[in-house]
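A.B. asks: Below is the file protein17.txt, which contains compact mmCIF, C-alpha atoms.
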```
# COMPACT_ATOMS: atom_id res chain seq x y z
CA MET A 18 69.54 109.97 67.45
CA SER A 19 71.06 107.15 69.46
CA THR A 20 69.59 105.94 72.68
CA ASP A 21 71.08 104.24 75.68
CA THR A 22 70.10 100.88 74.20
CA ASP A 23 71.51 101.56 70.73
CA PRO A 24 73.80 98.56 69.94
CA THR A 25 76.32 100.89 68.29
CA SER A 26 76.50 103.04 71.43
CA VAL A 27 77.02 99.95 73.59
CA ARG A 28 79.76 98.68 71.27
CA ASN A 29 81.50 102.05 71.22
CA PHE A 30 81.33 102.34 75.01
CA LEU A 31 82.82 98.89 75.52
CA THR A 32 85.52 98.91 72.87
CA THR A 33 86.19 102.18 71.11
CA SER A 34 88.79 104.71 72.18
CA PRO A 35 91.31 106.76 70.19
CA THR A 36 94.08 104.87 68.41
CA SER A 37 97.08 106.08 66.43
CA GLY A 38 95.54 104.81 63.19
CA THR A 39 92.63 102.93 61.75
CA ALA A 40 92.46 99.14 61.95
CA PRO A 41 93.39 97.39 58.71
CA ARG A 42 90.57 96.28 56.47
CA ARG A 43 89.45 92.72 57.03
CA GLN A 44 90.61 90.42 54.26
CA PRO A 45 88.34 87.67 52.89
CA GLU A 46 88.83 84.23 54.37
CA GLU A 47 90.46 81.42 52.45
CA PRO A 48 88.38 78.54 51.03
CA VAL A 49 86.97 75.94 53.41
CA ARG A 50 89.49 73.24 54.34
CA VAL A 51 87.26 70.30 53.48
CA ALA A 52 89.37 67.39 54.77
CA PRO A 53 90.04 68.85 58.25
CA LEU A 54 86.40 69.96 58.46
CA VAL A 55 85.08 66.48 57.68
CA ILE A 56 87.53 64.75 60.03
CA ALA A 57 86.90 67.16 62.91
CA GLY A 58 83.14 67.13 62.34
CA ILE A 59 82.91 63.34 62.31
CA GLY A 60 85.19 63.13 65.35
CA ALA A 61 83.06 65.64 67.27
CA VAL A 62 79.78 63.89 66.48
CA ALA A 63 81.17 60.41 67.17
CA LEU A 64 82.71 61.39 70.51
CA ALA A 65 79.60 63.25 71.63
CA TRP A 66 77.46 60.22 70.75
CA TYR A 67 79.85 57.84 72.59
CA VAL A 68 80.02 59.93 75.77
CA TRP A 69 76.26 60.50 75.77
CA ALA A 70 75.47 56.82 75.17
CA VAL A 71 78.05 55.29 77.52
CA HIS A 72 78.35 57.81 80.34
CA GLY A 73 75.05 59.65 80.26
CA ALA A 74 73.36 62.83 79.14
CA GLN A 75 75.08 65.13 81.63
CA PHE A 76 78.58 64.25 80.42
CA GLY A 77 77.45 64.32 76.81
CA ALA A 78 75.99 67.79 77.33
CA LEU A 79 79.28 69.05 78.79
CA LEU A 80 81.15 67.81 75.73
CA VAL A 81 78.65 69.57 73.45
CA ILE A 82 79.04 72.80 75.45
CA GLY A 83 82.79 72.42 74.96
CA LEU A 84 82.28 72.12 71.19
CA PHE A 85 80.37 75.40 71.15
CA LEU A 86 83.05 76.99 73.35
CA GLY A 87 85.68 76.00 70.78
CA VAL A 88 83.64 77.49 67.94
CA GLY A 89 83.07 80.71 69.88
CA LEU A 90 86.68 81.07 70.98
CA PHE A 91 88.03 80.61 67.47
CA HIS A 92 85.49 82.63 65.53
CA SER A 93 85.84 85.62 67.87
CA ARG A 94 89.60 85.05 68.30
CA PHE A 95 88.83 85.77 71.95
CA GLY A 96 92.11 86.47 73.67
CA PHE A 97 93.21 86.83 77.25
CA THR A 98 96.96 86.75 76.59
CA SER A 99 96.86 89.32 73.78
CA ALA A 100 94.35 91.55 75.59
CA TRP A 101 96.59 91.92 78.65
CA ARG A 102 99.70 92.34 76.48
CA GLN A 103 98.05 95.10 74.46
CA LEU A 104 96.90 96.89 77.61
CA ILE A 105 100.23 96.72 79.43
CA GLY A 106 102.40 97.19 76.33
CA VAL A 107 100.72 100.14 74.62
CA GLY A 108 97.57 100.96 76.58
CA ASN A 109 95.01 99.49 74.17
CA GLY A 110 92.15 98.32 76.39
CA GLU A 111 89.82 96.96 73.71
CA GLY A 112 90.47 93.34 74.67
CA LEU A 113 90.07 93.97 78.40
CA ARG A 114 86.80 95.79 77.79
CA ALA A 115 85.59 92.70 75.93
CA HIS A 116 86.53 90.74 79.07
CA THR A 117 84.14 92.93 81.07
CA LEU A 118 81.25 91.94 78.80
CA LEU A 119 82.17 88.26 79.12
CA LEU A 120 82.44 88.56 82.90
CA GLY A 121 79.23 90.56 83.19
CA THR A 122 77.27 88.10 81.05
CA ALA A 123 78.58 85.10 83.00
CA ALA A 124 78.00 86.85 86.35
CA THR A 125 74.41 87.64 85.42
CA LEU A 126 73.53 84.11 84.35
CA ILE A 127 75.40 82.45 87.20
CA ALA A 128 73.66 84.70 89.74
CA LEU A 129 70.31 83.62 88.28
CA VAL A 130 71.28 79.94 88.31
CA ILE A 131 72.71 79.85 91.84
CA GLY A 132 70.33 82.43 93.28
CA THR A 133 67.31 80.38 92.20
CA GLY A 134 68.94 77.01 92.88
CA THR A 135 68.33 75.89 89.31
CA GLY A 136 70.44 72.93 88.23
CA LEU A 137 70.05 70.19 85.63
CA PHE A 138 70.70 66.46 86.05
CA GLY A 139 70.09 66.67 89.79
CA THR A 140 72.94 69.12 90.42
CA THR A 141 72.85 71.84 93.06
CA PRO A 142 74.71 74.85 91.65
CA GLU A 143 77.02 76.51 94.13
CA ALA A 144 79.97 78.87 94.31
CA SER A 145 83.02 78.64 96.51
CA ALA A 146 85.47 81.29 97.63
CA GLY A 147 89.06 80.59 96.69
CA PRO A 148 91.63 81.05 99.47
CA ILE A 149 93.65 84.25 99.47
CA GLY A 150 97.35 83.93 100.14
CA ILE A 151 100.87 83.63 98.81
CA ALA A 152 100.07 80.66 96.56
CA LEU A 153 97.36 82.69 94.79
CA PHE A 154 99.65 85.68 94.24
CA VAL A 155 102.65 83.64 93.10
CA GLY A 156 100.52 81.31 90.99
CA ALA A 157 98.72 84.10 89.12
CA THR A 158 102.02 85.88 88.45
CA LEU A 159 103.72 82.73 87.15
CA PHE A 160 100.71 81.89 85.03
CA ALA A 161 100.70 85.32 83.37
CA ILE A 162 104.44 85.16 82.67
CA GLY A 163 103.85 81.74 81.13
CA MET A 164 101.02 83.11 78.97
CA GLN A 165 103.28 85.72 77.44
CA LEU A 166 106.07 83.22 76.76
CA GLY A 167 103.83 80.35 75.65
CA GLY A 168 101.68 82.55 73.43
CA ALA A 169 98.30 81.52 74.82
CA CYS A 170 96.28 81.18 78.01
CA ALA A 171 94.49 78.02 79.15
CA SER A 172 91.46 78.36 76.87
CA GLY A 173 93.62 79.91 74.14
CA THR A 174 95.98 76.94 74.21
CA LEU A 175 93.08 74.58 73.55
CA PHE A 176 91.51 76.47 70.66
CA ALA A 177 94.92 77.20 69.12
CA VAL A 178 95.80 73.50 69.19
CA GLY A 179 92.44 72.72 67.62
CA SER A 180 93.09 75.21 64.83
CA GLY A 181 96.41 73.55 63.95
CA GLN A 182 98.90 75.98 65.51
CA SER A 183 101.95 73.75 65.91
CA THR A 184 103.81 75.97 68.36
CA ILE A 185 100.94 75.85 70.83
CA VAL A 186 101.08 72.05 70.85
CA LEU A 187 104.43 72.55 72.59
CA THR A 188 102.76 74.96 75.00
CA LEU A 189 100.12 72.35 75.80
CA GLY A 190 102.85 69.77 76.40
CA GLY A 191 104.58 72.14 78.80
CA PHE A 192 101.24 72.82 80.49
CA VAL A 193 100.82 69.11 81.21
CA ILE A 194 104.42 68.82 82.43
CA GLY A 195 104.03 71.78 84.78
CA SER A 196 100.80 70.35 86.16
CA VAL A 197 102.46 66.98 86.79
CA LEU A 198 105.43 68.67 88.48
CA TYR A 199 103.02 70.37 90.87
CA THR A 200 101.26 67.13 91.76
CA PHE A 201 104.64 65.46 92.37
CA ALA A 202 105.88 68.32 94.56
CA PHE A 203 102.51 68.79 96.27
CA PRO A 204 103.80 68.23 99.84
CA VAL A 205 106.21 71.15 99.39
CA LEU A 206 103.86 73.45 97.46
CA ASP A 207 100.76 72.92 99.58
CA GLY A 208 99.94 74.71 102.81
CA TRP A 209 101.42 78.13 102.07
CA PRO A 210 100.06 80.94 104.30
CA ALA A 211 96.53 81.95 103.31
CA VAL A 212 93.29 83.28 104.74
CA PRO A 213 89.79 82.03 103.92
CA GLY A 214 88.27 83.42 100.75
CA VAL A 215 85.47 85.98 100.56
CA LEU A 216 82.25 85.32 98.67
CA LEU A 217 80.24 88.51 98.23
CA SER A 218 76.91 86.68 98.23
CA ASP A 219 77.56 85.53 101.79
CA HIS A 220 77.45 89.18 102.87
CA VAL A 221 75.11 91.01 100.50
CA GLY A 222 73.12 88.22 98.83
CA TRP A 223 73.20 87.22 95.17
CA PHE A 224 71.63 90.42 93.86
CA GLY A 225 74.05 92.56 95.84
CA SER A 226 76.98 90.43 94.69
CA TRP A 227 75.88 90.79 91.06
CA ALA A 228 75.37 94.56 91.40
CA ILE A 229 78.84 95.10 92.91
CA THR A 230 80.45 92.97 90.20
CA ILE A 231 78.73 94.89 87.39
CA ALA A 232 79.63 98.22 88.98
CA VAL A 233 83.33 97.31 89.19
CA LEU A 234 83.31 96.04 85.60
CA LEU A 235 81.85 99.36 84.42
CA LEU A 236 84.57 101.21 86.33
CA ILE A 237 87.17 99.09 84.50
CA VAL A 238 85.61 100.04 81.16
CA VAL A 239 85.84 103.73 82.05
CA ALA A 240 89.40 103.43 83.40
CA THR A 241 90.71 101.62 80.31
CA ARG A 242 89.07 104.19 78.04
CA ILE A 243 90.85 106.97 79.93
CA VAL A 244 94.20 105.14 79.74
CA GLN A 245 93.75 104.47 76.04
CA ALA A 246 92.81 108.07 75.30
CA ARG A 247 96.02 109.26 76.99
CA ARG A 248 98.36 106.74 75.39
CA ASN A 249 96.81 106.71 71.89
CA PRO A 250 97.94 103.14 71.05
CA PRO A 251 97.93 101.35 67.71
CA PRO A 252 94.64 99.65 66.75
CA VAL A 253 94.06 95.93 67.18
CA GLY A 254 94.53 93.85 64.03
CA ALA A 255 91.51 92.47 62.20
CA PRO A 256 91.41 88.75 61.26
CA PRO A 257 90.04 87.65 57.89
CA THR A 258 86.29 87.30 57.73
CA ALA A 259 83.42 86.00 55.68
CA THR A 260 80.51 88.30 54.84
CA GLY A 261 76.75 88.06 55.03
CA ILE A 262 75.07 85.05 56.59
CA ALA A 263 78.23 82.98 55.98
CA ARG A 264 79.94 84.98 58.72
CA VAL A 265 77.83 83.17 61.32
CA PHE A 266 79.31 79.81 60.33
CA ARG A 267 82.72 80.81 58.97
CA GLY A 268 83.59 83.85 61.14
CA SER A 269 85.17 86.00 62.17
CA TRP A 270 82.75 87.28 64.80
CA PRO A 271 83.03 90.68 66.50
CA MET A 272 84.80 90.20 69.81
CA LEU A 273 81.77 91.44 71.74
CA VAL A 274 79.62 88.75 70.13
CA GLY A 275 82.20 86.20 71.23
CA ALA A 276 82.15 87.64 74.75
CA VAL A 277 78.38 87.19 75.04
CA VAL A 278 78.44 83.69 73.54
CA LEU A 279 81.23 82.57 75.88
CA GLY A 280 79.48 84.14 78.87
CA VAL A 281 76.28 82.26 78.06
CA LEU A 282 78.21 79.01 77.69
CA ALA A 283 79.99 79.60 81.02
CA GLY A 284 76.52 79.89 82.56
CA ALA A 285 75.52 76.68 80.78
CA VAL A 286 78.45 74.83 82.38
CA MET A 287 77.19 75.95 85.80
CA LEU A 288 73.63 74.88 84.93
CA VAL A 289 74.68 71.41 83.73
CA SER A 290 77.50 70.59 86.17
CA GLY A 291 76.69 72.67 89.24
CA GLY A 292 80.15 74.28 89.15
CA ILE A 293 82.17 76.82 87.21
CA TRP A 294 83.84 76.27 83.85
CA GLY A 295 87.43 75.16 84.43
CA VAL A 296 90.33 74.02 82.28
CA THR A 297 93.54 73.09 84.04
CA THR A 298 92.51 70.23 86.34
CA ALA A 299 92.36 68.09 83.21
CA PHE A 300 96.03 68.71 82.41
CA ALA A 301 97.15 67.22 85.73
CA LEU A 302 94.82 64.27 85.15
CA TRP A 303 96.04 63.69 81.60
CA GLY A 304 99.64 63.73 82.80
CA ALA A 305 98.91 61.23 85.57
CA LYS A 306 97.07 58.92 83.18
CA LEU A 307 100.01 59.04 80.76
CA LEU A 308 102.43 58.17 83.55
CA GLN A 309 100.29 55.18 84.45
CA LEU A 310 100.31 54.04 80.82
CA ILE A 311 104.12 53.82 80.88
CA GLY A 312 104.16 51.90 84.14
CA LEU A 313 104.68 54.66 86.71
CA HIS A 314 102.52 55.11 89.80
CA PRO A 315 101.41 58.72 90.39
CA GLU A 316 98.49 57.33 92.39
CA THR A 317 100.96 56.88 95.27
CA TRP A 318 101.70 60.62 95.37
CA ASP A 319 100.09 62.68 98.13
CA PHE A 320 98.15 64.82 95.65
CA TRP A 321 96.39 61.86 94.06
CA GLN A 322 95.64 60.26 97.43
CA GLN A 323 93.24 63.06 98.32
CA PRO A 324 89.72 61.54 98.08
CA ARG A 325 88.45 63.86 95.32
CA PHE A 326 91.49 63.38 93.11
CA ALA A 327 91.88 59.68 93.88
CA GLU A 328 88.35 59.10 92.62
CA MET A 329 89.08 61.21 89.54
CA LEU A 330 92.20 59.22 88.71
CA ASP A 331 90.36 55.91 89.15
CA SER A 332 87.50 56.96 86.86
CA SER A 333 87.24 57.37 83.09
CA VAL A 334 88.46 60.68 81.73
CA TRP A 335 85.09 60.95 79.96
CA THR A 336 83.38 61.53 83.30
CA GLU A 337 85.69 64.41 84.29
CA LYS A 338 84.16 67.82 83.58
CA THR A 339 87.22 69.76 82.47
CA THR A 340 88.39 66.97 80.18
CA LEU A 341 85.03 66.97 78.43
CA THR A 342 84.92 70.72 77.86
CA ASN A 343 88.63 70.83 76.95
CA VAL A 344 88.37 68.12 74.30
CA GLY A 345 85.18 69.77 73.08
CA ILE A 346 87.03 73.08 72.68
CA ILE A 347 89.80 71.45 70.64
CA LEU A 348 87.33 69.71 68.32
CA GLY A 349 85.03 72.74 68.09
CA ALA A 350 87.95 75.00 67.18
CA ALA A 351 89.09 72.49 64.58
CA VAL A 352 85.65 72.59 62.95
CA ALA A 353 85.51 76.39 63.10
CA SER A 354 89.03 76.95 61.78
CA ALA A 355 88.55 74.47 58.95
CA ALA A 356 85.28 76.17 58.01
CA ALA A 357 87.14 79.48 58.00
CA GLY A 358 89.93 78.09 55.81
CA ALA A 359 92.42 78.76 58.60
CA TRP A 360 93.35 75.24 59.74
CA LYS A 361 97.05 74.86 59.00
CA ILE A 362 99.99 72.98 60.48
CA ARG A 363 103.29 74.84 60.41
CA SER A 364 106.26 72.50 60.60
CA GLU A 365 109.02 75.08 61.06
CA ILE A 366 109.29 76.51 64.55
CA PRO A 367 112.30 78.67 65.56
CA TRP A 368 114.14 77.01 68.42
CA ARG A 369 113.80 80.01 70.73
CA THR A 370 110.07 80.07 70.10
CA ALA A 371 109.88 76.36 70.87
CA VAL A 372 111.78 76.84 74.15
CA ALA A 373 109.50 79.73 75.11
CA ALA A 374 106.43 77.65 74.32
CA VAL A 375 107.47 74.74 76.52
CA LEU A 376 108.74 76.99 79.33
CA GLY A 377 105.59 79.10 79.19
CA GLY A 378 103.43 76.00 79.39
CA ILE A 379 105.36 74.70 82.41
CA LEU A 380 104.95 78.03 84.20
CA MET A 381 101.23 78.04 83.45
CA GLY A 382 100.85 74.47 84.72
CA LEU A 383 102.60 75.28 87.99
CA GLY A 384 100.89 78.66 88.33
CA ALA A 385 97.40 77.34 87.73
CA ARG A 386 97.74 74.64 90.35
CA LEU A 387 99.29 77.02 92.90
CA ALA A 388 96.50 79.55 92.39
CA ALA A 389 93.82 76.83 92.20
CA GLY A 390 92.79 78.10 88.78
CA CYS A 391 93.74 79.86 85.57
CA ASN A 392 92.29 82.67 83.47
CA ILE A 393 89.09 80.58 83.28
CA GLY A 394 88.75 78.81 86.62
CA ALA A 395 90.14 81.61 88.80
CA TYR A 396 89.68 84.83 86.81
CA LEU A 397 86.39 84.18 84.97
CA GLY A 398 85.05 81.69 87.51
CA GLY A 399 86.05 83.74 90.54
CA ILE A 400 84.80 87.13 89.34
CA SER A 401 81.56 85.78 87.86
CA THR A 402 80.65 84.09 91.16
CA GLY A 403 81.57 87.09 93.30
CA SER A 404 84.69 85.60 94.86
CA LEU A 405 87.37 88.11 95.85
CA HIS A 406 90.15 85.76 94.80
CA GLY A 407 89.14 86.20 91.15
CA TRP A 408 89.80 89.94 91.27
CA LEU A 409 93.12 89.41 93.04
CA TRP A 410 94.11 86.78 90.49
CA GLY A 411 93.48 89.32 87.74
CA ALA A 412 95.53 92.00 89.46
CA PHE A 413 98.56 89.76 89.91
CA ALA A 414 98.14 88.43 86.38
CA LEU A 415 98.51 92.00 85.09
CA PHE A 416 101.79 92.25 87.02
CA GLY A 417 102.92 88.92 85.60
CA THR A 418 102.01 90.16 82.12
CA TRP A 419 104.35 93.13 82.61
CA VAL A 420 107.15 90.74 83.60
CA GLY A 421 106.37 88.43 80.69
CA ILE A 422 106.50 91.31 78.21
CA LYS A 423 109.98 92.17 79.48
CA LEU A 424 111.08 88.56 78.92
CA ARG A 425 109.56 88.02 75.47
CA PRO A 426 112.45 89.62 73.49
CA LEU A 427 114.88 87.11 75.04
CA PHE A 428 113.08 84.43 73.04
CA GLY A 429 112.68 86.43 69.85
CA LEU A 430 109.03 87.19 70.57
CA GLY A 431 107.50 90.52 69.61
CA VAL A 432 106.28 93.20 71.97
CA PRO A 433 103.66 95.79 70.96
CA ARG A 434 105.04 99.31 70.45
CA ARG A 435 103.35 102.66 69.92
CA THR A 436 104.96 102.94 66.49
CA ASP A 437 103.36 99.70 65.26
CA GLY A 438 100.59 99.75 62.69
CA VAL A 439 98.58 97.27 64.79
CA CYS A 440 99.08 95.76 68.24
```
For the file at hand, write its structure as structure tokens.

C.D. replies:
Amino acid sequence: MSTDTDPTSVRNFLTTSPTSGTAPRRQPEEPVRVAPLVIAGIGAVALAWYVWAVHGAQFGALLVIGLFLGVGLFHSRFGFTSAWRQLIGVGNGEGLRAHTLLLGTAATLIALVIGTGTGLFGTTPEASAGPIGIALFVGATLFAIGMQLGGACASGTLFAVGSGQSTIVLTLGGFVIGSVLYTFAFPVLDGWPAVPGVLLSDHVGWFGSWAITIAVLLLIVVATRIVQARRNPPPVGAPPTATGIARVFRGSWPMLVGAVVLGVLAGAVMLVSGGIWGVTTAFALWGAKLLQLIGLHPETWDFWQQPRFAEMLDSSVWTEKTTLTNVGIILGAAVASAAAGAWKIRSEIPWRTAVAAVLGGILMGLGARLAAGCNIGAYLGGISTGSLHGWLWGAFALFGTWVGIKLRPLFGLGVPRRTDGVC
């Protein structure tokens, strides 16, 4: 007889609901890709050693956390883009229910870290409430449209690039372009009407904030189970997997395992840096650094003259938090995908897919900067710290997902349908 703590019962509650068929059997993974594994492994170790030795233990630790994030993201194939597309397209809420476990795990650890004032390397962990206004709503919507066209979210773009997905390299390029466009047009795009953000802990304390967050996440689990039961969608596809103890190192992991691992690592970022895990600030920085390399002067733009960003642009990229975790994700995913035999470069990309990838990346770059965050910095970071803007970002991202699904066929991209074998 199962109990409330039975792992199978927990898994069923979080993920299982009726589908129109059974998920396909997992196929065995291909042999290890030795050359990419060796190159990525040596690169990861060498870079971690360099950052640790030259810039200090805190920055080295952030890079190492990024490496583990890349491994976790790839091995669990943890998706934000696909999860929202499956929910909006056919009503399959399995991916979104995995999000609730990620968010709940991160919220629990972050509440403990901030509530007790525990920080490493002399940091003081703290949360901030993102402003609520037109920029947030427009930015989240644009970002979600870009996700569906570009084929990946912010974290998904990084681990897909690391695993050798050529199309997503174009998405990453567009992401950088969109971020640069925002910094150039900052005087026009800044200052849109907004009200101050709301941080639950300011009103009910950290325990109350955590309890409210967990309660809402449980309501989402129940709601998506009801929706899925009514719509009876196709099952989610199953990636190839190793078996036995090799599955730990070669994958693929159950999505719920990935959710817990990523939630723990999000808490680790807070513990080490004093702030939330973020992604997209680095893309604006990378773009500005590239412009400087070719003789242009983005440092004269209003955006980069703000004290925080001026200091960032003047410093080494290896002392910027999001760059460290981003590069770590790319290298970690490269190691994981090579170990799984899945690291491959595809040279042929249909032109419409290429256009969608670049356009989607540009929309995500603009959207993330408008909304002051992406699916990681705003959605995961906001909800896990009890900031109202995180929930609102998610709501408008669902609307943007609906728009993006309507646009995907224009670029020859598939849309999940109830008649599909998998979604």

A.B. asks: Which residue gives the smallest distance to A:Ile366 among A:Leu187, A:Arg42, A:Thr258, A:Gly394, with only C-alpha atoms counted?

C.D. replies: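 The answer is A:Leu187, which sits nearest to A:Ile366.
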
A.B. asks: Considering only C-alpha atoms, state which residue in the set A:Trp270, A:Trp294, A:Phe320, A:Phe95 is at the smallest distance from A:Ser196.

C.D. replies: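 Smallest separation from A:Ser196 among the options: A:Phe320.
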
A.B. asks: Which one of A:Gly358, A:Gly222, A:Gly77, A:Gly167 sits closest to A:Lys338 if you count all atoms listed in the file?

C.D. replies: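 Among the listed residues, the smallest separation from A:Lys338 belongs to A:Gly77.
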
A.B. asks: Name all residues at most 7 Å from A:Trp410 (count only C-alpha atoms; drop same-chain ones fewer than 4 positions away) and give them as number ranges by chain.

C.D. replies: A: 153-154, 157, 395-396, 406, 414

A.B. asks: Mind running stretch 51-125 of chain A against stretch 422-439 of chain A at 12 Å and telling me each contacting residue's nearest atom pair with the distance in Å (one decimal), counting all atoms listed in the file, chain and number ascending, as JSON lines?

C.D. replies:
```
{"residue": "A:Thr98", "atom": "CA", "partner": "A:Ile422", "partner_atom": "CA", "distance": 10.7}
{"residue": "A:Ser99", "atom": "CA", "partner": "A:Pro433", "partner_atom": "CA", "distance": 9.8}
{"residue": "A:Ala100", "atom": "CA", "partner": "A:Pro433", "partner_atom": "CA", "distance": 11.2}
{"residue": "A:Trp101", "atom": "CA", "partner": "A:Ile422", "partner_atom": "CA", "distance": 9.9}
{"residue": "A:Arg102", "atom": "CA", "partner": "A:Ile422", "partner_atom": "CA", "distance": 7.1}
{"residue": "A:Gln103", "atom": "CA", "partner": "A:Pro433", "partner_atom": "CA", "distance": 6.6}
{"residue": "A:Leu104", "atom": "CA", "partner": "A:Pro433", "partner_atom": "CA", "distance": 9.5}
{"residue": "A:Ile105", "atom": "CA", "partner": "A:Ile422", "partner_atom": "CA", "distance": 8.4}
{"residue": "A:Gly106", "atom": "CA", "partner": "A:Pro433", "partner_atom": "CA", "distance": 5.7}
{"residue": "A:Val107", "atom": "CA", "partner": "A:Arg435", "partner_atom": "CA", "distance": 5.9}
{"residue": "A:Gly108", "atom": "CA", "partner": "A:Arg435", "partner_atom": "CA", "distance": 9.0}
{"residue": "A:Asn109", "atom": "CA", "partner": "A:Arg435", "partner_atom": "CA", "distance": 9.9}
```

A.B. asks: Taking all atoms listed in the file into account, name the residue in A:Leu198, A:Ala285, A:Leu235, A:Leu279 that is nearest to A:Ala305.

C.D. replies: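 Among the listed residues, the smallest separation from A:Ala305 belongs to A:Leu198.
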
A.B. asks: Choose the residue, out of A:Pro48, A:Pro41, A:Pro367, A:Pro213, that has the smallest atom-to-atom separation from A:Gly150; count only C-alpha atoms.

C.D. replies: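 Answer, going by the shortest atom-to-atom distance: A:Pro213.
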
A.B. asks: Would you give me, as CSV, each residue of stretch 311-357 of chain A having an atom within 12 Å of an atom of stretch 287-290 of chain A, along with its shortest atom pair and that distance in Å to one decimal, using all atoms listed in the file and sorting by chain and residue number?

C.D. replies:
```
residue,atom,partner,partner_atom,distance
A:Thr336,CA,A:Ser290,CA,11.2
A:Glu337,CA,A:Ser290,CA,10.4
A:Lys338,CA,A:Ser290,CA,7.7
A:Thr339,CA,A:Ser290,CA,10.4
A:Leu341,CA,A:Ser290,CA,11.4
A:Thr342,CA,A:Ser290,CA,11.1
```

A.B. asks: With all atoms listed in the file as the atoms that count, which of A:Ala259, A:Ala327, A:Met164, A:Ile400 lies nearest to A:Glu46?

C.D. replies: A:Ala259

A.B. asks: Quick one: pull the distance between atom CA of A:Leu217 and atom CA of A:Leu120, Å, one decimal.

C.D. replies: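 Spanning atom CA of A:Leu217 to atom CA of A:Leu120 is a straight-line distance of 15.5 Å.
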
A.B. asks: Please indicate the distance in Å from atom CA of A:Pro210 to atom CA of A:Ile149, rounded to one decimal place.

C.D. replies: 8.7 Å

A.B. asks: In the coordinates of the file, take the point (102.6, 72.3, 96.0) and a cut-off of 12 Å; then, counting only C-alpha atoms, name each qualifying protein, DNA or RNA residue as a PyMOL selection string.

C.D. replies: chain A and resi 151-153+155-156+195-209+318-320+382-389

A.B. asks: Taking (93.1, 57.0, 90.2) in the file's coordinates, which residues come within 10 Å, counting all atoms listed in the file, written as a PyMOL selection string?

C.D. replies: chain A and resi 302+305-306+309+314-317+321-322+324-333

A.B. asks: Please identify all polymer residues within 10 Å of A:Thr241, counting all atoms listed in the file, omitting same-chain residues fewer than 2 positions from it, and present them as a list in words.

C.D. replies: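 Skipping anything fewer than 2 positions along the chain leaves Leu31, Thr32, Ser34, Leu104, Gly108, Asn109, Gly110, Glu111, Leu113, Arg114, Leu236, Ile237, Val238, Val239, Ile243, Val244, Gln245, Ala246 and Arg247 of chain A.
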